[in-house]
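The file upload_25.cif comes next; it holds mmCIF, C-alpha atoms.
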data_coords
#
loop_
_atom_site.label_atom_id
_atom_site.label_comp_id
_atom_site.auth_asym_id
_atom_site.auth_seq_id
_atom_site.Cartn_x
_atom_site.Cartn_y
_atom_site.Cartn_z
CA MET C 887 112.58 103.95 63.53
CA SER C 888 111.31 105.88 66.54
CA LYS C 889 113.91 106.65 69.18
CA THR C 890 111.30 107.07 71.92
CA ASN C 891 109.88 104.29 74.09
CA ARG C 892 106.11 103.88 73.99
CA GLY C 893 106.29 100.75 76.15
CA ASN C 894 105.42 97.14 75.44
CA PHE C 895 101.87 96.06 74.70
CA PHE C 896 100.35 92.67 75.45
CA GLU C 897 101.38 91.26 72.05
CA ASP C 898 105.04 92.14 72.68
CA PHE C 899 105.49 89.71 75.58
CA GLU C 900 106.55 86.08 75.07
CA VAL C 901 106.65 83.39 77.74
CA GLY C 902 110.29 82.70 78.56
CA GLN C 903 111.38 86.20 77.54
CA VAL C 904 114.08 87.68 79.80
CA ILE C 905 114.29 91.46 80.17
CA ARG C 906 117.29 93.23 81.67
CA HIS C 907 115.91 96.55 82.88
CA ALA C 908 117.68 99.88 82.45
CA THR C 909 119.04 102.39 84.97
CA PRO C 910 120.74 100.77 87.97
CA ARG C 911 119.81 102.72 91.10
CA THR C 912 122.22 103.51 93.93
CA ILE C 913 120.23 103.84 97.14
CA THR C 914 121.38 106.63 99.45
CA SER C 915 120.69 107.68 103.01
CA GLY C 916 118.75 110.55 101.44
CA ASP C 917 116.39 108.06 99.81
CA GLN C 918 115.77 106.41 103.17
CA ALA C 919 115.15 109.80 104.81
CA LEU C 920 112.70 110.77 102.08
CA TYR C 921 110.95 107.41 102.37
CA THR C 922 110.55 108.02 106.11
CA ALA C 923 109.23 111.52 105.44
CA LEU C 924 106.64 110.17 103.00
CA TYR C 925 105.25 107.35 105.16
CA GLY C 926 106.42 107.97 108.73
CA SER C 927 107.67 104.40 109.21
CA ARG C 928 109.08 103.97 112.76
CA PHE C 929 110.60 100.48 112.90
CA ALA C 930 113.73 100.87 115.01
CA VAL C 931 116.08 98.59 113.04
CA GLN C 932 115.68 100.72 109.90
CA SER C 933 115.62 104.00 111.83
CA SER C 934 118.72 103.76 114.03
CA ASP C 935 122.29 102.73 113.25
CA ALA C 936 122.95 102.35 116.96
CA PHE C 937 119.94 100.07 117.47
CA ALA C 938 120.78 97.95 114.41
CA LYS C 939 124.47 97.63 115.34
CA SER C 940 123.59 96.50 118.86
CA LEU C 941 121.73 93.55 117.33
CA GLY C 942 124.43 92.45 114.88
CA TYR C 943 123.88 94.52 111.73
CA SER C 944 126.82 96.46 110.28
CA HIS C 945 124.47 99.45 110.31
CA ALA C 946 120.79 100.13 109.71
CA PRO C 947 119.41 98.52 106.54
CA VAL C 948 117.04 100.48 104.33
CA ASP C 949 113.32 99.81 104.66
CA ASP C 950 112.34 96.51 102.99
CA LEU C 951 109.58 98.19 101.02
CA LEU C 952 111.95 100.86 99.72
CA THR C 953 113.97 97.97 98.26
CA PHE C 954 110.76 96.48 96.84
CA HIS C 955 109.70 99.75 95.21
CA VAL C 956 113.10 100.39 93.63
CA VAL C 957 113.22 96.85 92.20
CA PHE C 958 109.62 97.26 91.00
CA GLY C 959 110.25 100.71 89.54
CA LYS C 960 112.99 99.40 87.26
CA THR C 961 110.46 97.08 85.60
CA VAL C 962 107.80 99.66 84.77
CA PRO C 963 109.14 101.05 81.43
CA ASP C 964 109.33 97.51 80.04
CA ILE C 965 106.44 95.74 81.78
CA SER C 966 103.70 98.15 82.79
CA LEU C 967 104.05 101.42 80.90
CA ASN C 968 100.82 100.51 79.09
CA ALA C 969 99.19 98.86 82.08
CA VAL C 970 95.58 99.28 83.05
CA ALA C 971 96.29 98.01 86.58
CA ASN C 972 98.79 96.03 88.61
CA LEU C 973 96.75 93.09 89.88
CA GLY C 974 98.69 91.08 92.44
CA TYR C 975 101.86 89.56 93.89
CA ALA C 976 103.09 86.14 94.99
CA GLY C 977 106.22 84.25 95.97
CA GLY C 978 108.19 87.26 97.20
CA ARG C 979 111.40 86.63 99.17
CA PHE C 980 113.68 89.24 100.70
CA LEU C 981 117.03 87.49 100.34
CA ALA C 982 119.68 89.90 101.64
CA PRO C 983 119.77 93.25 103.44
CA VAL C 984 120.20 96.43 101.41
CA PHE C 985 122.22 99.33 102.78
CA ALA C 986 122.73 102.92 101.71
CA GLY C 987 125.41 102.83 99.01
CA ASP C 988 124.18 99.60 97.42
CA THR C 989 123.31 99.74 93.71
CA ILE C 990 120.23 97.81 92.64
CA SER C 991 119.45 96.38 89.18
CA THR C 992 116.47 94.28 88.10
CA VAL C 993 115.98 91.41 85.67
CA SER C 994 112.53 89.98 84.80
CA GLU C 995 111.32 86.82 83.13
CA VAL C 996 107.88 86.53 81.54
CA ILE C 997 106.37 83.36 83.04
CA GLY C 998 102.80 83.60 81.76
CA LYS C 999 100.26 85.55 79.70
CA LYS C 1000 96.53 85.29 79.06
CA GLU C 1001 94.26 87.50 76.99
CA ASN C 1002 91.14 88.84 78.72
CA SER C 1003 87.67 88.05 77.42
CA ASN C 1004 87.13 91.65 76.28
CA GLY C 1005 89.87 91.23 73.66
CA LYS C 1006 91.26 94.65 74.55
CA THR C 1007 93.71 93.70 77.30
CA GLY C 1008 95.61 90.75 78.70
CA VAL C 1009 97.35 89.69 81.87
CA VAL C 1010 101.13 89.27 81.88
CA TYR C 1011 102.93 87.37 84.67
CA VAL C 1012 106.55 88.24 85.41
CA ARG C 1013 109.14 87.12 87.93
CA SER C 1014 111.45 89.99 88.82
CA THR C 1015 114.73 89.72 90.71
CA GLY C 1016 116.73 92.57 92.21
CA TYR C 1017 120.53 92.35 92.46
CA THR C 1018 123.28 94.46 93.96
CA SER C 1019 126.25 95.41 91.79
CA ASN C 1020 128.25 92.45 93.13
CA GLY C 1021 125.54 90.01 92.02
CA THR C 1022 123.85 89.43 95.38
CA GLU C 1023 120.13 88.68 95.01
CA VAL C 1024 118.17 90.90 97.37
CA LEU C 1025 114.57 90.33 96.28
CA ASP C 1026 112.66 87.89 94.08
CA TYR C 1027 108.90 88.10 93.47
CA VAL C 1028 106.12 87.48 90.95
CA ARG C 1029 103.53 90.02 89.91
CA TRP C 1030 100.79 90.04 87.31
CA VAL C 1031 99.61 93.09 85.47
CA MET C 1032 96.79 93.91 83.05
CA VAL C 1033 98.28 95.40 79.88
CA ARG C 1034 96.56 97.00 76.87
CA LYS C 1035 96.75 95.37 73.44
CA ARG C 1036 98.25 97.35 70.60
CA ASP C 1037 95.73 95.91 68.13
CA GLU C 1038 92.43 94.59 69.47
CA ALA C 1039 92.06 92.49 66.31
CA SER C 1040 95.25 90.53 66.93
CA PRO C 1041 94.61 86.84 67.75
CA ALA C 1042 94.67 85.63 71.33
CA PRO C 1043 97.76 83.60 72.26
CA GLU C 1044 97.59 80.20 73.89
CA PRO C 1045 97.04 81.04 77.57
CA VAL C 1046 99.84 80.21 80.00
CA VAL C 1047 99.05 80.76 83.69
CA PRO C 1048 101.90 79.88 86.09
CA ASP C 1049 101.40 77.73 89.14
CA LEU C 1050 102.27 80.05 92.01
CA PRO C 1051 102.81 79.08 95.66
CA ALA C 1052 100.01 79.99 98.05
CA VAL C 1053 102.51 80.56 100.86
CA ILE C 1054 106.28 80.65 101.23
CA ASP C 1055 107.79 77.93 103.41
CA PRO C 1056 108.87 79.77 106.58
CA GLN C 1057 112.11 77.75 106.60
CA ALA C 1058 113.10 79.75 103.49
CA LEU C 1059 112.83 83.03 105.41
CA GLY C 1060 115.31 85.08 107.37
CA THR C 1061 118.37 85.19 105.11
CA ALA C 1062 118.23 88.99 105.03
CA VAL C 1063 118.63 89.19 108.82
CA PRO C 1064 121.85 88.36 110.72
CA LEU C 1065 121.63 86.26 113.87
CA LEU C 1066 120.36 88.83 116.34
CA ASP C 1067 121.81 89.53 119.75
CA SER C 1068 118.25 89.55 121.12
CA ALA C 1069 119.46 90.35 124.63
CA ASN C 1070 120.15 93.82 123.27
CA TRP C 1071 116.64 94.24 121.86
CA ASP C 1072 115.35 97.19 123.88
CA ASN C 1073 111.55 97.25 124.01
CA ASP C 1074 111.53 100.87 125.15
CA LEU C 1075 113.55 101.97 122.13
CA SER C 1076 111.67 99.74 119.69
CA GLY C 1077 108.34 101.15 120.85
CA SER C 1078 106.67 97.87 121.75
CA SER C 1079 106.86 95.30 124.54
CA PHE C 1080 105.13 92.62 122.44
CA ARG C 1081 107.33 89.94 120.89
CA PHE C 1082 106.81 86.73 118.92
CA ASP C 1083 105.29 84.70 121.77
CA ASP C 1084 102.78 87.45 122.60
CA TYR C 1085 100.80 87.02 119.37
CA GLU C 1086 98.19 84.32 118.75
CA ILE C 1087 96.92 82.83 115.51
CA GLY C 1088 93.56 84.40 114.69
CA GLU C 1089 94.30 87.61 116.61
CA LYS C 1090 93.15 90.80 114.88
CA ILE C 1091 94.70 94.22 115.45
CA ASP C 1092 93.13 97.55 114.56
CA HIS C 1093 96.02 99.91 113.82
CA VAL C 1094 93.75 102.84 114.72
CA ASP C 1095 95.54 105.67 112.93
CA GLY C 1096 94.73 107.03 109.48
CA MET C 1097 96.78 108.85 106.86
CA THR C 1098 95.37 111.05 104.09
CA VAL C 1099 97.02 110.78 100.67
CA GLU C 1100 98.10 114.02 99.03
CA GLU C 1101 98.60 114.34 95.27
CA ALA C 1102 102.09 115.80 95.55
CA GLU C 1103 103.25 113.17 98.04
CA HIS C 1104 102.22 110.18 95.96
CA GLN C 1105 103.81 111.67 92.83
CA LEU C 1106 107.01 112.42 94.74
CA ALA C 1107 107.08 108.86 96.09
CA THR C 1108 106.50 107.30 92.68
CA ARG C 1109 109.23 109.41 91.12
CA LEU C 1110 111.55 108.34 93.95
CA TYR C 1111 111.26 104.79 92.61
CA GLN C 1112 111.59 105.95 88.96
CA ASN C 1113 108.20 104.41 88.28
CA THR C 1114 107.04 105.94 84.98
CA ALA C 1115 103.55 104.39 84.66
CA LYS C 1116 101.29 106.88 82.88
CA VAL C 1117 98.28 106.24 85.13
CA HIS C 1118 100.10 107.85 88.07
CA PHE C 1119 101.39 111.04 86.39
CA ASN C 1120 99.53 112.19 83.32
CA GLN C 1121 96.30 113.97 84.24
CA HIS C 1122 95.89 115.08 80.61
CA SER C 1123 95.50 111.45 79.48
CA GLU C 1124 93.95 110.03 82.65
CA GLY C 1125 91.33 112.78 82.71
CA GLN C 1126 89.91 111.10 79.62
CA GLY C 1127 90.11 107.61 81.14
CA ARG C 1128 87.66 105.53 83.14
CA PHE C 1129 88.26 107.34 86.45
CA GLY C 1130 88.88 110.84 85.15
CA LYS C 1131 91.96 111.25 87.34
CA ARG C 1132 95.30 109.72 88.23
CA LEU C 1133 95.55 106.50 90.22
CA ILE C 1134 97.68 106.26 93.33
CA TYR C 1135 100.50 103.73 92.82
CA GLY C 1136 99.50 100.49 94.57
CA GLY C 1137 102.87 100.24 96.30
CA HIS C 1138 102.14 103.59 97.94
CA VAL C 1139 99.15 101.95 99.63
CA ILE C 1140 101.27 99.02 100.82
CA SER C 1141 103.84 101.38 102.35
CA LEU C 1142 101.16 103.49 104.06
CA ALA C 1143 99.47 100.42 105.53
CA ARG C 1144 102.78 98.94 106.65
CA ALA C 1145 103.74 102.22 108.37
CA LEU C 1146 100.35 102.36 110.09
CA SER C 1147 100.81 98.76 111.29
CA PHE C 1148 103.61 99.89 113.63
CA ASN C 1149 100.83 100.71 116.12
CA GLY C 1150 100.22 97.13 117.26
CA LEU C 1151 103.15 95.44 115.50
CA GLY C 1152 106.05 97.67 116.51
CA ASN C 1153 108.54 94.80 116.80
CA ALA C 1154 107.66 93.28 113.39
CA PHE C 1155 110.83 94.87 112.07
CA HIS C 1156 111.46 92.90 108.86
CA ILE C 1157 109.30 91.86 105.92
CA ALA C 1158 110.70 88.43 105.09
CA GLY C 1159 108.30 87.24 102.38
CA ILE C 1160 105.24 88.16 100.33
CA ASN C 1161 102.79 85.28 99.99
CA GLY C 1162 100.22 87.14 97.98
CA GLY C 1163 98.52 90.45 97.57
CA ARG C 1164 95.65 92.13 95.74
CA HIS C 1165 94.92 95.75 94.99
CA VAL C 1166 91.19 95.36 95.50
CA ALA C 1167 90.09 98.88 94.54
CA PRO C 1168 91.71 102.13 93.41
CA LEU C 1169 92.86 104.92 95.70
CA PHE C 1170 92.86 108.62 94.84
CA SER C 1171 94.35 111.74 96.36
CA GLY C 1172 92.26 113.10 99.21
CA ASP C 1173 91.33 109.63 100.46
CA THR C 1174 92.37 108.58 103.98
CA VAL C 1175 93.97 105.16 104.46
CA TYR C 1176 93.35 103.00 107.55
CA ALA C 1177 94.59 99.46 108.22
CA TRP C 1178 94.15 96.34 110.32
CA SER C 1179 96.02 93.04 110.56
CA GLU C 1180 95.23 89.41 111.34
CA VAL C 1181 97.79 86.85 112.52
CA ILE C 1182 97.27 83.95 110.09
CA ASP C 1183 100.12 81.71 111.25
CA LYS C 1184 103.25 81.54 113.38
CA ALA C 1185 106.44 79.59 112.68
CA GLU C 1186 109.77 78.92 114.27
CA ILE C 1187 112.72 79.05 111.88
CA GLU C 1188 115.13 76.16 112.10
CA GLY C 1189 118.45 77.19 113.61
CA ARG C 1190 117.14 80.53 114.90
CA MET C 1191 116.26 81.11 118.53
CA ASP C 1192 116.53 84.88 118.15
CA ALA C 1193 113.44 85.49 116.02
CA GLY C 1194 110.26 83.83 114.80
CA ALA C 1195 108.02 84.40 111.79
CA LEU C 1196 104.47 85.74 111.87
CA ARG C 1197 102.26 85.37 108.83
CA LEU C 1198 100.06 88.45 108.66
CA ARG C 1199 97.10 89.56 106.61
CA LEU C 1200 97.27 93.32 106.18
CA VAL C 1201 94.04 94.97 105.05
CA ALA C 1202 93.83 98.62 104.06
CA THR C 1203 90.67 100.68 103.63
CA LYS C 1204 89.89 104.14 102.34
CA ASN C 1205 87.79 106.59 104.34
CA ARG C 1206 86.71 103.88 106.78
CA THR C 1207 88.09 103.12 110.22
CA CYS C 1208 88.90 99.49 111.00
CA GLY C 1209 87.52 98.84 114.48
CA ASP C 1210 85.09 96.29 112.99
CA PHE C 1211 87.84 94.71 110.80
CA PRO C 1212 86.15 95.31 107.41
CA LEU C 1213 86.94 92.89 104.59
CA LYS C 1214 84.14 91.05 102.73
CA ASP C 1215 80.35 90.86 102.74
CA ALA C 1216 78.20 87.78 103.38
CA ASP C 1217 78.61 86.73 99.72
CA GLY C 1218 82.41 86.83 99.94
CA LYS C 1219 82.74 90.04 97.93
CA TYR C 1220 85.20 92.69 99.09
CA LEU C 1221 83.52 95.69 100.69
CA ASP C 1222 83.63 98.86 98.60
CA ASP C 1223 86.04 100.69 100.90
CA VAL C 1224 88.64 97.87 101.09
CA ILE C 1225 91.60 98.70 98.84
CA LEU C 1226 94.34 96.20 99.77
CA ASP C 1227 94.50 92.58 100.91
CA PHE C 1228 98.16 91.69 101.54
CA ASP C 1229 99.50 88.37 102.88
CA TYR C 1230 103.10 88.46 104.12
CA TRP C 1231 105.64 87.07 106.61
CA VAL C 1232 107.46 89.26 109.12
CA LEU C 1233 110.30 88.44 111.51
CA MET C 1234 109.89 89.37 115.14
CA PRO C 1235 112.31 88.99 118.08
CA ARG C 1236 111.62 86.25 120.59
#
Do you think you could lay out the structure here as C-alpha cells?
Amino acid sequence: MSKTNRGNFFEDFEVGQVIRHATPRTITSGDQALYTALYGSRFAVQSSDAFAKSLGYSHAPVDDLLTFHVVFGKTVPDISLNAVANLGYAGGRFLAPVFAGDTISTVSEVIGKKENSNGKTGVVYVRSTGYTSNGTEVLDYVRWVMVRKRDEASPAPEPVVPDLPAVIDPQALGTAVPLLDSANWDNDLSGSSFRFDDYEIGEKIDHVDGMTVEEAEHQLATRLYQNTAKVHFNQHSEGQGRFGKRLIYGGHVISLARALSFNGLGNAFHIAGINGGRHVAPLFSGDTVYAWSEVIDKAEIEGRMDAGALRLRLVATKNRTCGDFPLKDADGKYLDDVILDFDYWVLMPR
C-alpha cells in the first residue's frame, strides 16, 4: 500500500460522504500581516485594533477572505488535488468572527456529483464548514469542482445535482459582527464618507485601480493557505497541460478584486455571505486585474439599526480597465477579458 497521497479522483467521491480534513491551522497576526502585504486590503475594522474596539469588537478580526482561504485550503488535498478547475460557489455564510490565535479546522460533505459528457472528468459538489477549536462554526459554503477520472472507462454514476439557493436571506446575515457603536464610526479613519443609505440599487462603481499578479506572490499566497493543488505549483506538469503554465488560484483573484473594491466601497467592511460566484476565465502571472461593482440589492437586518446589507456583484477583468463596466456581449456570453463574476453580501454602517 502506498503511503503517499495522490488525491481523490471523481470515482472516489460518494454522495453523503463526510470528510474530516487534516492539519488544523492556527491563524496568527503574522498571517494577517502577510495577507495585507499580498493584497493591500485597507478596510479599517480588520486593519486597526483601536478602530475595531471603538465599535464593539474585542479587537480587530482577521480579513473575512483570509478565513475563507484557510477553510478552503484544508479541503484541497481531499477534494481538488486532481482538479481541472474550481467552478463556482454558493450559499456561503460567515457565521462568527475569527481572531488571531483561533485554530481553524474544516469538515466537508459531498452533496452531489455528475460526470461530464467527455467521460474524462466530472463535477463534484461539496459543502465545507470551518470550525474553531471550541466548535464554533465560522464559515459554511458550497463549491463545485471539476475533477479528473482515474479510469475513463469507468461507468458514469447516477447524476446528483444539489438544489442551491440563488441568494442568502439577508435576515440570516450579520452574526459575525457585534452590535456596532456606530456613533464611533469615523469616516475619516475608515477612508470613506459613504454609508449604507448613500448607495442605490443599480448603481455601478468603477474601482479604477489595477494590480498586476506576480508569480512569486500568487505562490506565496497559495502556500499561506496550505492549498496544494498541482495546477498552481507544478510547472513541470502544467507545462505539458492545456495552458502550458500554472494557473493562478481563483481565490487570489477574489482577494485582489475585493481589495481593489475599497476605492468606492471603503465602508463595506464585512463580507457577510456569498450568494454565488464563477471563475469565468483563467488568470496567469503578468496579467493585471481590474474590478467594478454593481449594487444588486439593499436590505435592512431585523434588530439592527447599526448596519445594513448591500448585495454586490463584483466583476474582475484582466488587462482591461472597467470604466465601461465590461461583462457580457449582446449574446449573453462573457467577454474574453472577464475573469470573475462574484455575487455577495456586505455589511455597511448606517
What's around Gly977 (chain C) at 6 Å? Count only C-alpha atoms, leave out sequence neighbours fewer than 3 positions away in its own chain, and write the answer as a PDB file with C-alpha atoms, in the coordinates of the input.
ATOM      1  CA  TYR C1027     108.900  88.100  93.470  1.00  0.00           C
ATOM      2  CA  VAL C1028     106.120  87.480  90.950  1.00  0.00           C
ATOM      3  CA  ILE C1160     105.240  88.160 100.330  1.00  0.00           C
ATOM      4  CA  ASN C1161     102.790  85.280  99.990  1.00  0.00           C
TER       5      ASN C1161
END
CA of Lys1116 (chain C) to CA of Ile1140 (chain C), distance in Å rounded to a single decimal: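 One can read the CA of Lys1116 (chain C) to CA of Ile1140 (chain C) distance as 19.6 Å.
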Would you write out, as number ranges by chain, every residue that the PyMOL selection byres ((chain C and resi 1034) around 10) captures in this file? C: 894-897, 966-971, 1001-1002, 1005-1009, 1031-1033, 1035-1038
Can you list what the PyMOL selection byres ((chain C and resi 1011) around 6) grabs from this structure, as a count of residues only? 8
Translate the PyMOL selection byres ((chain C and resi 1062-1071) around 7), as applied to the file shown, into an explicit residue set as number ranges by chain. C: 940-943, 980-983, 1060-1061, 1072-1073, 1192, 1235
Enclose all atoms of region 1089-1095 of chain C listed in the file in an axis-aligned box, grow every side by 3 Å, and hand back centre and edge lengths in Å to one decimal, as AutoDock Vina command-line options.
--center_x 94.6 --center_y 96.6 --center_z 114.8 --size_x 8.9 --size_y 24.1 --size_z 9.7
Mind giving me the straight-line distance from CA of Lys1184 (chain C) to CA of Tyr1230 (chain C) in Å, one decimal?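 Between CA of Lys1184 (chain C) and CA of Tyr1230 (chain C) the gap works out to 11.6 Å.
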Could you give me, as JSON lines, every region 1051-1116 of chain C residue with an atom at most 10 Å from region 1197-1207 of chain C, plus its closest atom pair and distance in Å to one decimal, counting all atoms listed in the file, rows ordered by chain then number?
{"residue": "C:Val1053", "atom": "CA", "partner": "C:Arg1197", "partner_atom": "CA", "distance": 9.3}
{"residue": "C:Ile1054", "atom": "CA", "partner": "C:Arg1197", "partner_atom": "CA", "distance": 9.8}
{"residue": "C:Pro1056", "atom": "CA", "partner": "C:Arg1197", "partner_atom": "CA", "distance": 9.0}
{"residue": "C:Ile1087", "atom": "CA", "partner": "C:Arg1197", "partner_atom": "CA", "distance": 8.9}
{"residue": "C:Gly1088", "atom": "CA", "partner": "C:Leu1198", "partner_atom": "CA", "distance": 9.7}
{"residue": "C:Glu1089", "atom": "CA", "partner": "C:Leu1198", "partner_atom": "CA", "distance": 9.9}
{"residue": "C:Lys1090", "atom": "CA", "partner": "C:Arg1199", "partner_atom": "CA", "distance": 9.2}
{"residue": "C:Ile1091", "atom": "CA", "partner": "C:Leu1200", "partner_atom": "CA", "distance": 9.7}
{"residue": "C:Asp1092", "atom": "CA", "partner": "C:Thr1207", "partner_atom": "CA", "distance": 8.7}
{"residue": "C:His1093", "atom": "CA", "partner": "C:Thr1207", "partner_atom": "CA", "distance": 9.3}
{"residue": "C:Val1094", "atom": "CA", "partner": "C:Thr1207", "partner_atom": "CA", "distance": 7.2}
{"residue": "C:Asp1095", "atom": "CA", "partner": "C:Thr1207", "partner_atom": "CA", "distance": 8.3}
{"residue": "C:Gly1096", "atom": "CA", "partner": "C:Thr1207", "partner_atom": "CA", "distance": 7.7}
{"residue": "C:Met1097", "atom": "CA", "partner": "C:Lys1204", "partner_atom": "CA", "distance": 9.5}
{"residue": "C:Thr1098", "atom": "CA", "partner": "C:Asn1205", "partner_atom": "CA", "distance": 8.8}
{"residue": "C:Val1099", "atom": "CA", "partner": "C:Lys1204", "partner_atom": "CA", "distance": 9.9}
From the set C:Ala1193, C:Thr1174, C:Asp1215, C:Ala986, which residue has the shortest atom-to-atom contact distance to His945 (chain C), counting all atoms listed in the file?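 Under the stated criterion, the closest residue is C:Ala986.
CA of Gly926 (chain C) is found 23.1 Å from CA of Leu1025 (chain C).
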Using only C-alpha atoms: which of C:Glu1100, C:Glu1186, C:Asp1173, C:Glu1180 has the shortest distance to Asp1083 (chain C):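 The shortest atom-to-atom distance to Asp1083 (chain C) comes from C:Glu1186.
Nearest to Ser1179 (chain C) of all the residues C:His1118, C:Arg1081, C:Lys1214, C:Arg1144 is C:Arg1144, counting all atoms listed in the file.
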Identify, on the basis of all atoms listed in the file, every residue whose closest approach to Val1139 (chain C) does not exceed 12 Å; exclude the query and any residue fewer than 5 positions from it along the same chain; express the result as a ChimeraX atom specification. /C:924-925,951,955,1096-1099,1104,1107-1108,1133-1134,1144-1146,1163-1171,1173-1177,1200-1204,1224-1228
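If you measure from each of C:Leu1106, C:Val1047, C:Val993, C:Met1234 to Asn1153 (chain C) using all atoms listed in the file, the closest one turns out to be C:Met1234.
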Counting only C-alpha atoms, which of C:Gly1136, C:Gly1194, C:Gly987, C:Pro1043 gets nearest to Gly974 (chain C)? C:Gly1136
Give me the residues within 10 Å of Tyr1085 (chain C) as a PyMOL selection string, counting only C-alpha atoms and dropping any in the same chain fewer than 6 places off. chain C and resi 1151+1181+1183-1184+1196
C-alpha atoms of the current selection, written as a PDB file, in the coordinates of the input:
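Okay, this is what ended up in part.pdb:
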ATOM      1  CA  LEU C1151     103.150  95.440 115.500  1.00  0.00           C
ATOM      2  CA  VAL C1181      97.790  86.850 112.520  1.00  0.00           C
ATOM      3  CA  ASP C1183     100.120  81.710 111.250  1.00  0.00           C
ATOM      4  CA  LYS C1184     103.250  81.540 113.380  1.00  0.00           C
ATOM      5  CA  LEU C1196     104.470  85.740 111.870  1.00  0.00           C
TER       6      LEU C1196
END
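Once Arg911 (chain C) and its same-chain neighbours fewer than 2 positions away are set aside, C:Ala908, C:Thr909, C:Ile913, C:Thr914, C:Val956, C:Val957, C:Gly959, C:Lys960, C:Gly987, C:Asp988, C:Thr989, C:Ile990, C:Ser991, C:Thr992, C:Thr1018, C:Ser1019, C:Tyr1111, C:Gln1112 remain within 10 Å of it when counting only C-alpha atoms.
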Pop region 1129-1140 of chain C out of the structure in the block and write N, CA, C and O atoms as a JSON list (two decimals), in the first residue's frame.
[["chain", "number", "residue", "atom", "x", "y", "z"],
["C", 1129, "PHE", "N", -2.74, 24.77, -20.89],
["C", 1129, "PHE", "CA", -2.33, 26.17, -20.94],
["C", 1129, "PHE", "C", -0.82, 26.33, -21.06],
["C", 1129, "PHE", "O", -0.34, 27.40, -21.40],
["C", 1130, "GLY", "N", -0.08, 25.30, -20.71],
["C", 1130, "GLY", "CA", 1.37, 25.36, -20.78],
["C", 1130, "GLY", "C", 2.01, 26.11, -19.63],
["C", 1130, "GLY", "O", 3.22, 26.35, -19.64],
["C", 1131, "LYS", "N", 1.22, 26.46, -18.62],
["C", 1131, "LYS", "CA", 1.76, 27.16, -17.46],
["C", 1131, "LYS", "C", 0.78, 27.04, -16.29],
["C", 1131, "LYS", "O", -0.36, 26.59, -16.46],
["C", 1132, "ARG", "N", 1.24, 27.47, -15.12],
["C", 1132, "ARG", "CA", 0.44, 27.36, -13.91],
["C", 1132, "ARG", "C", -0.72, 28.35, -13.91],
["C", 1132, "ARG", "O", -0.60, 29.48, -14.39],
["C", 1133, "LEU", "N", -1.83, 27.90, -13.33],
["C", 1133, "LEU", "CA", -2.99, 28.76, -13.13],
["C", 1133, "LEU", "C", -2.87, 29.53, -11.82],
["C", 1133, "LEU", "O", -2.38, 28.98, -10.82],
["C", 1134, "ILE", "N", -3.34, 30.75, -11.81],
["C", 1134, "ILE", "CA", -3.47, 31.49, -10.56],
["C", 1134, "ILE", "C", -4.68, 30.96, -9.80],
["C", 1134, "ILE", "O", -5.76, 30.77, -10.38],
["C", 1135, "TYR", "N", -4.51, 30.68, -8.52],
["C", 1135, "TYR", "CA", -5.61, 30.22, -7.66],
["C", 1135, "TYR", "C", -6.78, 31.22, -7.75],
["C", 1135, "TYR", "O", -6.60, 32.43, -7.62],
["C", 1136, "GLY", "N", -7.99, 30.70, -7.99],
["C", 1136, "GLY", "CA", -9.15, 31.57, -8.15],
["C", 1136, "GLY", "C", -9.41, 32.46, -6.96],
["C", 1136, "GLY", "O", -9.87, 33.60, -7.09],
["C", 1137, "GLY", "N", -9.13, 31.96, -5.75],
["C", 1137, "GLY", "CA", -9.31, 32.78, -4.56],
["C", 1137, "GLY", "C", -8.39, 33.99, -4.54],
["C", 1137, "GLY", "O", -8.71, 35.01, -3.92],
["C", 1138, "HIS", "N", -7.25, 33.86, -5.20],
["C", 1138, "HIS", "CA", -6.33, 35.00, -5.30],
["C", 1138, "HIS", "C", -7.00, 36.14, -6.06],
["C", 1138, "HIS", "O", -6.88, 37.32, -5.69],
["C", 1139, "VAL", "N", -7.75, 35.79, -7.10],
["C", 1139, "VAL", "CA", -8.48, 36.79, -7.87],
["C", 1139, "VAL", "C", -9.55, 37.46, -7.01],
["C", 1139, "VAL", "O", -9.71, 38.69, -7.05],
["C", 1140, "ILE", "N", -10.28, 36.66, -6.24],
["C", 1140, "ILE", "CA", -11.32, 37.23, -5.38],
["C", 1140, "ILE", "C", -10.71, 38.22, -4.40],
["C", 1140, "ILE", "O", -11.24, 39.32, -4.20]]
